[in-house]
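Asks: I'd like to ask you about the structure that follows.
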Amino acid sequence: MKKNAWLLLCLLFMECYLDKAMGRGIATQEKEDAAMPVATMSPPEGNTTFIDGTTWCVALGGVSQVDLQNALDWACGLGMADCAAIQQGGACYEPDTLLSHASFAFNSYYQSNGNSDIACNFGGTATITKHNPSYGKCVFRTSGSLDSSTASMGKHRQSLIWWEKIGTILWLSYIWM
């Protein structure tokens with residue numbers, strides 16, 4: 001029994017080490033597994049660049065509020081967009097409107113998923129613009145940027161995963177020894 005326990009612990013430790021050494025983690029895998037495309041009428045190949053500048057993805061005014069809410073829920077949920085700034089107290093919470101919050105979430109998803117027209121469809125509730133929708137302290141990302149909150153959250157998440165694995169190894173060693 002002890003031999004099997006040590007073997008299991010060694011394998012868990014090797015997995016932790018390899019994940020850390022290769023710079024990958026469960027957070028990356030979770031995004032790949034959880035990201036499900038929204039059904040769209042766009043062609044599979046997306047327009048990834050505009051010759052004359054940067055683009056953003058924003059919610060369309062005048063669309064169904066139900067459709068807009070469903071698209072926002074998907075973007076912040078399964079789409080794994082960074083929606084922290086539109087939570088109460090966040091830099092982009094005000095104005096507290098569905099259109100404003102959806103625009104921020106759609107752009108976050110769009111910038112994280114290759115700036116393609118297919119990444120800015122959201123069931124027909126979004127459009128690509130060349131006009132920067134940022135205002136006040138609310139900064140909408142661009143493809144080349146990675147805001148500090150997003151960068152630090154990614155680092156913290158991977159660090160947490162590393163410590164979760166170490167905790168599991170220690171817990172198993174305590175139980176089996």
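FYI, nothing fancy with the structure tokens labels: chains A, B, ... in order, residues from 1 per chain, ligands from 1 as they appear.
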Residues within 12 Å of Glu94 in chain A, please, as a ChimeraX atom specification. Count only C-alpha atoms; anything in the same chain fewer than 3 positions from it doesn't count.
Replies: /A:85-91,97-101,104,135-138
Asks: Store the residues of this selection in a file with N, CA, C and O atoms, as an mmCIF file, in the first residue's frame.
Replies:
```cif
data_model
loop_
_atom_site.group_PDB
_atom_site.id
_atom_site.type_symbol
_atom_site.label_atom_id
_atom_site.label_comp_id
_atom_site.auth_asym_id
_atom_site.auth_seq_id
_atom_site.Cartn_x
_atom_site.Cartn_y
_atom_site.Cartn_z
ATOM 1 N N ALA A 85 -14.444 44.217 -14.585
ATOM 2 C CA ALA A 85 -14.597 45.674 -14.611
ATOM 3 C C ALA A 85 -16.059 46.116 -14.660
ATOM 4 O O ALA A 85 -16.360 47.266 -14.332
ATOM 5 N N ILE A 86 -16.976 45.218 -15.054
ATOM 6 C CA ILE A 86 -18.388 45.614 -15.116
ATOM 7 C C ILE A 86 -19.176 45.134 -13.896
ATOM 8 O O ILE A 86 -20.388 45.281 -13.835
ATOM 9 N N GLN A 87 -18.465 44.590 -12.914
ATOM 10 C CA GLN A 87 -19.101 44.238 -11.647
ATOM 11 C C GLN A 87 -19.214 45.513 -10.814
ATOM 12 O O GLN A 87 -18.456 46.458 -11.003
ATOM 13 N N GLN A 88 -20.160 45.528 -9.881
ATOM 14 C CA GLN A 88 -20.355 46.710 -9.053
ATOM 15 C C GLN A 88 -19.038 47.121 -8.407
ATOM 16 O O GLN A 88 -18.324 46.298 -7.846
ATOM 17 N N GLY A 89 -18.706 48.409 -8.534
ATOM 18 C CA GLY A 89 -17.448 48.927 -8.010
ATOM 19 C C GLY A 89 -16.320 48.903 -9.032
ATOM 20 O O GLY A 89 -15.274 49.481 -8.802
ATOM 21 N N GLY A 90 -16.524 48.217 -10.164
ATOM 22 C CA GLY A 90 -15.502 48.140 -11.197
ATOM 23 C C GLY A 90 -15.430 49.422 -12.015
ATOM 24 O O GLY A 90 -16.361 50.236 -12.021
ATOM 25 N N ALA A 91 -14.340 49.601 -12.725
ATOM 26 C CA ALA A 91 -14.096 50.818 -13.505
ATOM 27 C C ALA A 91 -15.134 51.046 -14.596
ATOM 28 O O ALA A 91 -15.360 52.185 -15.010
ATOM 29 N N THR A 97 -25.879 49.912 -17.492
ATOM 30 C CA THR A 97 -26.866 49.557 -18.511
ATOM 31 C C THR A 97 -26.457 48.248 -19.178
ATOM 32 O O THR A 97 -25.266 47.913 -19.227
ATOM 33 N N LEU A 98 -27.432 47.544 -19.683
ATOM 34 C CA LEU A 98 -27.167 46.282 -20.370
ATOM 35 C C LEU A 98 -26.287 46.513 -21.591
ATOM 36 O O LEU A 98 -25.344 45.765 -21.840
ATOM 37 N N LEU A 99 -26.567 47.570 -22.346
ATOM 38 C CA LEU A 99 -25.794 47.873 -23.554
ATOM 39 C C LEU A 99 -24.327 48.156 -23.221
ATOM 40 O O LEU A 99 -23.425 47.636 -23.884
ATOM 41 N N SER A 100 -24.086 48.936 -22.183
ATOM 42 C CA SER A 100 -22.720 49.270 -21.788
ATOM 43 C C SER A 100 -21.966 48.042 -21.291
ATOM 44 O O SER A 100 -20.826 47.788 -21.702
ATOM 45 N N HIS A 101 -22.601 47.263 -20.421
ATOM 46 C CA HIS A 101 -21.942 46.069 -19.882
ATOM 47 C C HIS A 101 -21.692 45.035 -20.975
ATOM 48 O O HIS A 101 -20.626 44.423 -21.023
ATOM 49 N N PHE A 104 -18.654 45.998 -23.128
ATOM 50 C CA PHE A 104 -17.369 45.709 -22.493
ATOM 51 C C PHE A 104 -17.058 44.211 -22.561
ATOM 52 O O PHE A 104 -15.952 43.814 -22.917
ATOM 53 N N TYR A 135 -14.037 55.159 -22.000
ATOM 54 C CA TYR A 135 -14.488 56.426 -21.417
ATOM 55 C C TYR A 135 -13.998 56.501 -19.975
ATOM 56 O O TYR A 135 -13.928 55.498 -19.276
ATOM 57 N N GLY A 136 -13.635 57.707 -19.551
ATOM 58 C CA GLY A 136 -13.185 57.900 -18.174
ATOM 59 C C GLY A 136 -12.118 56.884 -17.784
ATOM 60 O O GLY A 136 -11.120 56.705 -18.476
ATOM 61 N N LYS A 137 -12.362 56.171 -16.677
ATOM 62 C CA LYS A 137 -11.427 55.152 -16.200
ATOM 63 C C LYS A 137 -11.694 53.789 -16.833
ATOM 64 O O LYS A 137 -10.983 52.825 -16.574
ATOM 65 N N CYS A 138 -12.724 53.712 -17.648
ATOM 66 C CA CYS A 138 -13.082 52.443 -18.292
ATOM 67 C C CYS A 138 -12.347 52.319 -19.624
ATOM 68 O O CYS A 138 -12.663 53.015 -20.589
#
```
Asks: In Å, with one decimal, what is the gap from CA of Ala59 in chain A to CA of Asn121 in chain A?
Replies: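 If I compute the distance from CA of Ala59 in chain A to CA of Asn121 in chain A, I get 9.2 Å.
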Asks: Go ahead and compute the interatomic distance for CA of Tyr109 in chain A and CA of Val66 in chain A, in Å to one decimal.
Replies: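 These atoms are spaced 19.4 Å apart.
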